[in-house]
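For reference, structure-v3.pdb is printed below; it contains PDB, C-alpha atoms, pLDDT in the B column.
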```pdb
ATOM      1  CA  MET A  22    -168.327 108.392  71.257  1.00 45.00           C
ATOM      2  CA  ASN A  23    -171.611 106.965  69.957  1.00 71.00           C
ATOM      3  CA  ALA A  24    -173.597 105.100  72.579  1.00 84.00           C
ATOM      4  CA  THR A  25    -175.448 101.970  71.513  1.00 87.00           C
ATOM      5  CA  VAL A  26    -178.481 100.179  72.919  1.00 90.00           C
ATOM      6  CA  SER A  27    -179.401  96.552  72.365  1.00 91.00           C
ATOM      7  CA  LEU A  28    -182.894  95.820  71.063  1.00 90.00           C
ATOM      8  CA  TYR A  29    -184.925  92.650  70.995  1.00 92.00           C
ATOM      9  CA  ALA A  30    -187.409  92.412  68.143  1.00 91.00           C
ATOM     10  CA  VAL A  31    -189.761  89.733  66.939  1.00 94.00           C
ATOM     11  CA  VAL A  32    -190.076  89.771  63.140  1.00 94.00           C
ATOM     12  CA  PRO A  33    -192.035  87.625  60.711  1.00 97.00           C
ATOM     13  CA  GLU A  34    -190.126  84.553  59.568  1.00 97.00           C
ATOM     14  CA  ILE A  35    -190.246  85.673  55.925  1.00 97.00           C
ATOM     15  CA  LEU A  36    -188.379  88.879  56.841  1.00 96.00           C
ATOM     16  CA  HIS A  37    -185.810  86.884  58.778  1.00 96.00           C
ATOM     17  CA  GLU A  38    -185.262  84.578  55.799  1.00 97.00           C
ATOM     18  CA  SER A  39    -184.948  87.548  53.447  1.00 97.00           C
ATOM     19  CA  LEU A  40    -182.449  89.166  55.791  1.00 96.00           C
ATOM     20  CA  LYS A  41    -180.392  85.968  55.997  1.00 97.00           C
ATOM     21  CA  ASN A  42    -180.354  85.701  52.198  1.00 97.00           C
ATOM     22  CA  TYR A  43    -179.299  89.326  51.848  1.00 97.00           C
ATOM     23  CA  LEU A  44    -176.500  88.967  54.385  1.00 97.00           C
ATOM     24  CA  GLU A  45    -175.177  85.837  52.672  1.00 97.00           C
ATOM     25  CA  THR A  46    -174.669  87.800  49.451  1.00 96.00           C
ATOM     26  CA  HIS A  47    -173.489  91.065  51.056  1.00 94.00           C
ATOM     27  CA  PRO A  48    -170.673  90.172  53.473  1.00 93.00           C
ATOM     28  CA  ASP A  49    -169.895  93.830  54.242  1.00 92.00           C
ATOM     29  CA  TRP A  50    -173.317  94.148  55.928  1.00 94.00           C
ATOM     30  CA  ASP A  51    -174.453  92.544  59.173  1.00 94.00           C
ATOM     31  CA  GLN A  52    -177.793  92.321  60.955  1.00 94.00           C
ATOM     32  CA  ASP A  53    -177.083  95.314  63.198  1.00 93.00           C
ATOM     33  CA  ARG A  54    -176.101  97.514  60.251  1.00 94.00           C
ATOM     34  CA  VAL A  55    -179.224  96.560  58.271  1.00 95.00           C
ATOM     35  CA  LEU A  56    -181.562  97.187  61.201  1.00 94.00           C
ATOM     36  CA  THR A  57    -179.878 100.497  62.050  1.00 94.00           C
ATOM     37  CA  ALA A  58    -180.235 101.659  58.447  1.00 95.00           C
ATOM     38  CA  ALA A  59    -183.873 100.551  58.305  1.00 95.00           C
ATOM     39  CA  LEU A  60    -184.847 102.169  61.603  1.00 93.00           C
ATOM     40  CA  SER A  61    -183.079 105.440  60.890  1.00 93.00           C
ATOM     41  CA  LEU A  62    -184.662 105.634  57.409  1.00 93.00           C
ATOM     42  CA  PHE A  63    -188.093 104.933  58.902  1.00 94.00           C
ATOM     43  CA  LEU A  64    -187.607 107.738  61.420  1.00 92.00           C
ATOM     44  CA  LEU A  65    -186.437 110.105  58.684  1.00 92.00           C
ATOM     45  CA  GLN A  66    -189.513 109.368  56.587  1.00 92.00           C
ATOM     46  CA  ASN A  67    -192.060 109.303  59.407  1.00 92.00           C
ATOM     47  CA  GLY A  68    -190.568 111.250  62.297  1.00 84.00           C
ATOM     48  CA  ASP A  69    -189.638 114.824  62.994  1.00 76.00           C
ATOM     49  CA  SER A  70    -186.779 114.905  60.458  1.00 72.00           C
ATOM     50  CA  ASP A  71    -184.213 114.786  63.246  1.00 79.00           C
ATOM     51  CA  ARG A  72    -180.775 115.545  61.824  1.00 88.00           C
ATOM     52  CA  ARG A  73    -179.276 112.958  64.178  1.00 89.00           C
ATOM     53  CA  ALA A  74    -181.329 110.224  62.510  1.00 90.00           C
ATOM     54  CA  ALA A  75    -180.113 111.475  59.131  1.00 91.00           C
ATOM     55  CA  ARG A  76    -176.522 111.329  60.332  1.00 92.00           C
ATOM     56  CA  VAL A  77    -176.931 107.772  61.639  1.00 91.00           C
ATOM     57  CA  TYR A  78    -178.548 106.723  58.361  1.00 92.00           C
ATOM     58  CA  LEU A  79    -175.760 108.168  56.213  1.00 93.00           C
ATOM     59  CA  GLU A  80    -173.011 106.838  58.484  1.00 93.00           C
ATOM     60  CA  THR A  81    -174.604 103.405  58.376  1.00 93.00           C
ATOM     61  CA  LEU A  82    -174.894 103.405  54.595  1.00 91.00           C
ATOM     62  CA  PHE A  83    -171.289 104.430  54.185  1.00 91.00           C
ATOM     63  CA  HIS A  84    -170.130 102.192  57.069  1.00 78.00           C
ATOM     64  CA  HIS A  85    -168.682 104.926  59.278  1.00 61.00           C
ATOM     65  CA  CYS A  86    -170.403 103.838  62.476  1.00 51.00           C
TER
END
```
Go through the file and emit its structure as structure tokens.
Amino acid sequence: MNATVSLYAVVPEILHESLKNYLETHPDWDQDRVLTAALSLFLLQNGDSDRRAARVYLETLFHHC
């Protein structure tokens, strides 16, 4: 079972508006899925190349989480 943790983040209004627009045109995505994909990709590109982050990223893209 995958454990989840809730996060609270303050983002610039322009990003929030862009996210809302994206979600309106992509009903198979939600805010949690977008943020999970973005965070896991960031960690893949800038972290220690943790295979767990890669797995989360791929599962999120292909909606297996």
*Kindly resolve the PyMOL selection byres ((chain A and resi 52-55) around 12) on the present coordinates and return the residues as a VMD selection string.*
chain A and resid 25 to 30 36 to 45 47 to 51 56 to 62 77 to 86
Taking every listed atom of segment 45-63 of chain A and adding 8 Å to each side, what centre and edge lengths in Å (one decimal) does the axis-aligned box have, as AutoDock Vina command-line options?
```
--center_x -179.0 --center_y 95.7 --center_z 56.3 --size_x 34.2 --size_y 35.8 --size_z 29.7
```
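From atom CA of Ala24 of chain A back to atom CA of Arg76 of chain A, the distance works out to 14.0 Å.
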*In Å, rounded to a single decimal, give me how far atom CA of Glu34 of chain A is from atom CA of Ala75 of chain A.*
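Distance between the two atoms: 28.7 Å.
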